[in-house]
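Notes for the one structure printed next.
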Amino acid sequence: MATILADLDFRVFLQPAVGGGGNYLSYLLFGLGWTLLLSVCSWVLAFVVGSLIGVLRTLRGTLLPQLGAFYVEIFRNIPLLVQLFIWYFVLPETVPFFGTWFKQGLSPDLQQFVSATLCLGFFTAARVSEQVRSGIMSLGRGQYGAGLALGFDTAQVYTLILLPVAYRIIIPTLTSEFLNLIKNTAVASTIGLVELAQRSKNMGEYTSRLYESFIAVTVLYAIVNLVVMLISRNVEKTTRLPGFVGGKQ
Amino acid sequence: MYSFDWSSIPGAIPYLWEGMLRTLQITLVAVIAGMIIGTMLAVCRLSKSRVLSTLAGLYVTCFRSIPLVMVLLWFYLLVPDLIKRVVGNPSLDIRLLSAFVAFSLFEASYYAEIIRAGIQSVSKGQVSAGLALGMTGGETMRLIILPQAFRRMIPLLLTQAIILFQDTSLVYVMGLADFFGVAYNTGNRDGTLVELILFAGAVYLAICFVASTLVRKLQKKIA
């Protein structure tokens, strides 16, 4: 252990990176950029699809809620890595129009990015939908009935009354889902997307300085985690609802 | 239209079974070791000693803020290095050992949080009662608090085990042939990657669906 520590040499980050474009520090920061871009794009997808599925699960009747439950079971019970490989290797081969567009219209970098975004988006959507559902359920049927009595239709009740309140209640749990999503983007390195985790491995191989690059990347992930947590704590404070658990008195 | 070719699966069943055994082996080791270390971390975190609770908190926060892939890469790098320094060249498969250590230490941080919440859900009166009966703090924890806490946590601990079972597929980054690794290699060799990935996905889905349904039933029984 002591010899490993004594051997560390962080000047390696100032060396020019293989493939040009600045030193290794900027090489890693570009990887961080990819990681964040992937996180944000998949989050948008996850938020939209997750809200939709979450709403489906709270609707009356049996067919639509079951459809939502089916979605959640599928996406929660297959490992993320397998899902990613399905998006990257299986669907482009087997789905007619998507496959042609994917293979002919996209460069390899974009192919990896699109697969990873779709995979992480739909995967995280299953988790978001559970939160949205429990947020809506926590409001009780009274709000729904009150909306209908005021002459709103179901879509209006959801978009104008239930969802705005539900979102504000579930912000803390959505934050932790977003943090999970950022960590999950590292799985995209397995299909060759050169995001942060992949760059730590590449840099280690190019410079034979694995410890230094791993330490730097681990610290970067920890910093991102911390920053998102601090931001979300502030958002939570300003959006907290009076009268609910953890809300203002 | 894509024409599926499932012919390479029957011949690969024995290898896939071996891979599944390895997957289960990693899961089992990580669940047991993770729960033991996690319990110790949770007790440390709740202890009155400032040093112990800070150290345990730091451990949990660190492991929970970095991706599992990064943790696996770290241990894939560190474990062989450390073992060579201590005992020389071991006869064991070093990748499997790295996976055991990485998953155990990583899962410990997740189990620690579940167990901490479980301990905190036991009412304070139980501690006082234990102390009033003349038990030491350690005895109260071991004989009174933990048994009740674990009973309540069983569904959550099992759900975490199912998540862990799925996460073991990430040993792919170490080049270890677990169930998914064998499926991927077979598909790659025979040019039937599409079929093998779908097959692996279906197997995971079936196992995890049955397991999580059982856990939900158990949860209703306990509650």
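Here's how to read the names in the structure tokens: chain A, B, ... by the order shown, residue numbers from 1 in each chain, ligand numbers from 1 in the order shown.
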
**Request:** Compute the set of chain A residues within 8 Å of chain B, using only C-alpha atoms, and express it as JSON, numbers by chain.
**Result:** {"A": [1, 73, 74, 77, 78, 79, 80, 81, 82, 83, 85, 86, 89, 90, 93, 94, 96, 183, 184, 186, 187, 190, 197, 214, 218, 221, 222, 225]}

**Neighbour list for Ser47 (chain B) as JSON, numbers by chain, cut-off 12 Å, only C-alpha atoms, skip fewer than 3 positions in-chain** = {"B": [40, 41, 42, 43, 44, 50, 51, 52, 53, 54, 55, 56, 57, 116, 119, 120, 137, 138, 141]}

Selection from above, N, CA and C atoms, as a PDB file, in the first residue's frame, can you write it?
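That gives us again-v9.pdb:
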```
ATOM      1  N   MET B  40     -22.191  -4.448  10.807  1.00  0.00           N
ATOM      2  CA  MET B  40     -21.151  -3.796  11.607  1.00  0.00           C
ATOM      3  C   MET B  40     -21.125  -2.293  11.312  1.00  0.00           C
ATOM      4  N   LEU B  41     -21.236  -1.940  10.034  1.00  0.00           N
ATOM      5  CA  LEU B  41     -21.223  -0.517   9.663  1.00  0.00           C
ATOM      6  C   LEU B  41     -22.410   0.215  10.284  1.00  0.00           C
ATOM      7  N   ALA B  42     -23.595  -0.433  10.223  1.00  0.00           N
ATOM      8  CA  ALA B  42     -24.799   0.218  10.746  1.00  0.00           C
ATOM      9  C   ALA B  42     -24.667   0.448  12.248  1.00  0.00           C
ATOM     10  N   VAL B  43     -24.150  -0.582  12.966  1.00  0.00           N
ATOM     11  CA  VAL B  43     -23.979  -0.438  14.418  1.00  0.00           C
ATOM     12  C   VAL B  43     -22.961   0.670  14.717  1.00  0.00           C
ATOM     13  N   CYS B  44     -21.873   0.695  13.943  1.00  0.00           N
ATOM     14  CA  CYS B  44     -20.859   1.750  14.128  1.00  0.00           C
ATOM     15  C   CYS B  44     -21.478   3.118  13.901  1.00  0.00           C
ATOM     16  N   ARG B  50     -17.988   9.281  18.287  1.00  0.00           N
ATOM     17  CA  ARG B  50     -17.965  10.176  17.143  1.00  0.00           C
ATOM     18  C   ARG B  50     -17.079   9.619  16.026  1.00  0.00           C
ATOM     19  N   VAL B  51     -15.906   9.060  16.435  1.00  0.00           N
ATOM     20  CA  VAL B  51     -14.943   8.545  15.449  1.00  0.00           C
ATOM     21  C   VAL B  51     -15.557   7.408  14.647  1.00  0.00           C
ATOM     22  N   LEU B  52     -16.139   6.424  15.376  1.00  0.00           N
ATOM     23  CA  LEU B  52     -16.715   5.258  14.696  1.00  0.00           C
ATOM     24  C   LEU B  52     -17.830   5.665  13.738  1.00  0.00           C
ATOM     25  N   SER B  53     -18.733   6.539  14.189  1.00  0.00           N
ATOM     26  CA  SER B  53     -19.876   6.869  13.337  1.00  0.00           C
ATOM     27  C   SER B  53     -19.427   7.674  12.121  1.00  0.00           C
ATOM     28  N   THR B  54     -18.422   8.551  12.300  1.00  0.00           N
ATOM     29  CA  THR B  54     -17.924   9.303  11.144  1.00  0.00           C
ATOM     30  C   THR B  54     -17.265   8.377  10.127  1.00  0.00           C
ATOM     31  N   LEU B  55     -16.437   7.455  10.637  1.00  0.00           N
ATOM     32  CA  LEU B  55     -15.738   6.535   9.723  1.00  0.00           C
ATOM     33  C   LEU B  55     -16.743   5.688   8.940  1.00  0.00           C
ATOM     34  N   ALA B  56     -17.736   5.138   9.646  1.00  0.00           N
ATOM     35  CA  ALA B  56     -18.739   4.302   8.973  1.00  0.00           C
ATOM     36  C   ALA B  56     -19.524   5.137   7.970  1.00  0.00           C
ATOM     37  N   GLY B  57     -19.862   6.373   8.354  1.00  0.00           N
ATOM     38  CA  GLY B  57     -20.598   7.250   7.442  1.00  0.00           C
ATOM     39  C   GLY B  57     -19.796   7.542   6.190  1.00  0.00           C
ATOM     40  N   ARG B 116     -29.469   0.078   9.096  1.00  0.00           N
ATOM     41  CA  ARG B 116     -29.542   1.229   9.996  1.00  0.00           C
ATOM     42  C   ARG B 116     -31.002   1.674  10.163  1.00  0.00           C
ATOM     43  N   ILE B 119     -32.775  -0.817  12.370  1.00  0.00           N
ATOM     44  CA  ILE B 119     -32.464  -0.675  13.796  1.00  0.00           C
ATOM     45  C   ILE B 119     -33.207   0.532  14.372  1.00  0.00           C
ATOM     46  N   GLN B 120     -33.228   1.611  13.593  1.00  0.00           N
ATOM     47  CA  GLN B 120     -33.875   2.830  14.098  1.00  0.00           C
ATOM     48  C   GLN B 120     -35.384   2.671  14.227  1.00  0.00           C
ATOM     49  N   GLY B 137     -24.712  -3.108  26.731  1.00  0.00           N
ATOM     50  CA  GLY B 137     -25.147  -2.485  25.477  1.00  0.00           C
ATOM     51  C   GLY B 137     -25.038  -3.451  24.314  1.00  0.00           C
ATOM     52  N   GLY B 138     -23.924  -4.193  24.250  1.00  0.00           N
ATOM     53  CA  GLY B 138     -23.688  -5.149  23.169  1.00  0.00           C
ATOM     54  C   GLY B 138     -24.730  -6.255  23.182  1.00  0.00           C
ATOM     55  N   MET B 141     -28.096  -5.024  21.920  1.00  0.00           N
ATOM     56  CA  MET B 141     -28.086  -4.921  20.464  1.00  0.00           C
ATOM     57  C   MET B 141     -28.236  -6.301  19.832  1.00  0.00           C
TER      58      MET B 141
END
```

**Complete:** In Å and to one decimal, CA of Tyr158 (chain A) is distant from CA of Leu241 (chain A) by 18.0 Å

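Residues surrounding Ala99 (chain B) within 8 Å are Ile26, Leu72, Phe75, Tyr76, Arg95, Leu96, Leu97, Val101, Ala102, Phe103 and Val171 of chain B [only C-alpha atoms; sequence separation below 2 positions excluded].
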
**Request:** Please provide as number ranges by chain all residues within 10 Å of Ile144 (chain B), with the sequence filter that same-chain residues fewer than 2 positions apart are discarded (counting only C-alpha atoms).
**Result:** B: 122, 126-127, 129-130, 135, 138-142, 146-149

Convert the current residue selection to file output with N, CA and C atoms, as a PDB file, in the first residue's frame.
```pdb
ATOM      1  N   VAL B 122     -36.846   0.130  15.536  1.00  0.00           N
ATOM      2  CA  VAL B 122     -37.176  -0.537  16.802  1.00  0.00           C
ATOM      3  C   VAL B 122     -37.277   0.533  17.884  1.00  0.00           C
ATOM      4  N   GLN B 126     -37.276  -0.583  23.931  1.00  0.00           N
ATOM      5  CA  GLN B 126     -36.659  -1.910  23.890  1.00  0.00           C
ATOM      6  C   GLN B 126     -35.233  -1.860  24.427  1.00  0.00           C
ATOM      7  N   VAL B 127     -34.511  -0.780  24.094  1.00  0.00           N
ATOM      8  CA  VAL B 127     -33.135  -0.631  24.576  1.00  0.00           C
ATOM      9  C   VAL B 127     -33.160  -0.475  26.093  1.00  0.00           C
ATOM     10  N   ALA B 129     -35.427  -1.391  28.148  1.00  0.00           N
ATOM     11  CA  ALA B 129     -35.841  -2.641  28.781  1.00  0.00           C
ATOM     12  C   ALA B 129     -34.667  -3.598  28.899  1.00  0.00           C
ATOM     13  N   GLY B 130     -33.887  -3.696  27.806  1.00  0.00           N
ATOM     14  CA  GLY B 130     -32.720  -4.573  27.815  1.00  0.00           C
ATOM     15  C   GLY B 130     -31.732  -4.164  28.891  1.00  0.00           C
ATOM     16  N   MET B 135     -28.596  -6.283  30.991  1.00  0.00           N
ATOM     17  CA  MET B 135     -27.759  -6.639  29.845  1.00  0.00           C
ATOM     18  C   MET B 135     -26.799  -5.500  29.538  1.00  0.00           C
ATOM     19  N   GLY B 138     -23.924  -4.193  24.250  1.00  0.00           N
ATOM     20  CA  GLY B 138     -23.688  -5.149  23.169  1.00  0.00           C
ATOM     21  C   GLY B 138     -24.730  -6.255  23.182  1.00  0.00           C
ATOM     22  N   GLU B 139     -25.035  -6.761  24.391  1.00  0.00           N
ATOM     23  CA  GLU B 139     -26.022  -7.843  24.498  1.00  0.00           C
ATOM     24  C   GLU B 139     -27.403  -7.357  24.067  1.00  0.00           C
ATOM     25  N   THR B 140     -27.756  -6.132  24.472  1.00  0.00           N
ATOM     26  CA  THR B 140     -29.055  -5.580  24.084  1.00  0.00           C
ATOM     27  C   THR B 140     -29.164  -5.527  22.575  1.00  0.00           C
ATOM     28  N   MET B 141     -28.096  -5.024  21.920  1.00  0.00           N
ATOM     29  CA  MET B 141     -28.086  -4.921  20.464  1.00  0.00           C
ATOM     30  C   MET B 141     -28.236  -6.301  19.832  1.00  0.00           C
ATOM     31  N   ARG B 142     -27.443  -7.252  20.300  1.00  0.00           N
ATOM     32  CA  ARG B 142     -27.357  -8.571  19.678  1.00  0.00           C
ATOM     33  C   ARG B 142     -28.614  -9.406  19.938  1.00  0.00           C
ATOM     34  N   LEU B 146     -31.345  -6.307  17.224  1.00  0.00           N
ATOM     35  CA  LEU B 146     -31.100  -6.853  15.885  1.00  0.00           C
ATOM     36  C   LEU B 146     -32.123  -7.915  15.451  1.00  0.00           C
ATOM     37  N   PRO B 147     -32.495  -8.873  16.326  1.00  0.00           N
ATOM     38  CA  PRO B 147     -33.487  -9.865  15.858  1.00  0.00           C
ATOM     39  C   PRO B 147     -34.795  -9.225  15.394  1.00  0.00           C
ATOM     40  N   GLN B 148     -35.257  -8.205  16.125  1.00  0.00           N
ATOM     41  CA  GLN B 148     -36.497  -7.530  15.712  1.00  0.00           C
ATOM     42  C   GLN B 148     -36.292  -6.738  14.438  1.00  0.00           C
ATOM     43  N   ALA B 149     -35.137  -6.043  14.365  1.00  0.00           N
ATOM     44  CA  ALA B 149     -34.854  -5.229  13.189  1.00  0.00           C
ATOM     45  C   ALA B 149     -34.793  -6.108  11.944  1.00  0.00           C
TER      46      ALA B 149
END
```

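Non-sequential neighbours of Ile114 (chain B) (distance at most 8 Å, separation of 2 or more positions within a chain, only C-alpha atoms) are Tyr110, Tyr111, Ala112, Arg116, Ala117, Gly118, Met153, Leu156 and Leu157 of chain B.
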
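The space between CA of Leu28 (chain A) and CA of Gly121 (chain A) spans 24.1 Å.
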
**Message:** Neighbouring residues of region 31-33 of chain B were defined as those with any atom within 9 Å, considering only C-alpha atoms; residues of the same chain fewer than 2 positions away were excluded. Please report them as JSON, numbers by chain.
**Reply:** {"B": [26, 27, 28, 29, 35, 36, 37, 38, 100, 101, 103, 104, 105, 107, 108, 111, 157, 160, 161, 164]}

Now that the selection is made, can you save its residues with C-alpha atoms as a tab-separated table (two decimals), in the first residue's frame?
```
chain	number	residue	atom	x	y	z
B	26	ILE	CA	-20.98	-14.27	-6.47
B	27	THR	CA	-24.49	-13.23	-5.39
B	28	LEU	CA	-24.46	-15.54	-2.36
B	29	VAL	CA	-20.98	-14.51	-1.19
B	35	MET	CA	-24.85	-8.26	5.33
B	36	ILE	CA	-22.20	-9.05	7.95
B	37	ILE	CA	-20.08	-5.99	7.08
B	38	GLY	CA	-23.23	-3.91	6.61
B	100	PHE	CA	-16.13	-11.45	-4.41
B	101	VAL	CA	-14.26	-8.66	-2.61
B	103	PHE	CA	-19.29	-6.91	-4.54
B	104	SER	CA	-19.07	-7.67	-0.80
B	105	LEU	CA	-17.58	-4.28	0.08
B	107	GLU	CA	-23.07	-4.13	-1.23
B	108	ALA	CA	-22.08	-3.64	2.42
B	111	TYR	CA	-27.01	-3.10	3.30
B	157	LEU	CA	-32.89	-7.29	2.25
B	160	GLN	CA	-31.59	-5.83	-2.47
B	161	ALA	CA	-30.40	-9.41	-3.12
B	164	LEU	CA	-27.48	-7.61	-6.60
```

**Message:** Using only C-alpha atoms for the distances, tell me which of B:Leu16, B:Leu133, B:Met174, B:Leu21 is nearest to Ile94 (chain B).
**Reply:** B:Met174

**Request:** Identify, on the basis of only C-alpha atoms, every residue whose closest approach to region 52-60 of chain A does not exceed 9 Å; exclude the query and any residue fewer than 3 positions from it along the same chain; express the result as a ChimeraX atom specification.
**Result:** /A:47-49,63-69,71-72,125-126,128-134,136-137,158,163

**Request:** List every residue of region 21-201 of chain B that DSSP, applied to the backbone of this structure, assigns to alpha helix (DSSP H), and report them as a ChimeraX atom specification.
**Result:** /B:21-46,50-65,68-87,94-121,124-132,137-139,146-167,179-190,193-201

**Message:** Just to confirm, what's the straight-line distance from CA of Asp5 (chain B) to CA of Val114 (chain A) in Å (one decimal)?
**Reply:** 26.7 Å

**Item:** Counting only C-alpha atoms, the residue of A:Phe98, A:Phe178, A:Tyr211, A:Phe113 that sits nearest Gly192 (chain A)
**Value:** A:Phe113

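Take the candidates B:Thr192, B:Ser98, B:Ser109, B:Thr23 and check each one against Tyr59 (chain B) using only C-alpha atoms; the shortest distance goes to B:Ser109.
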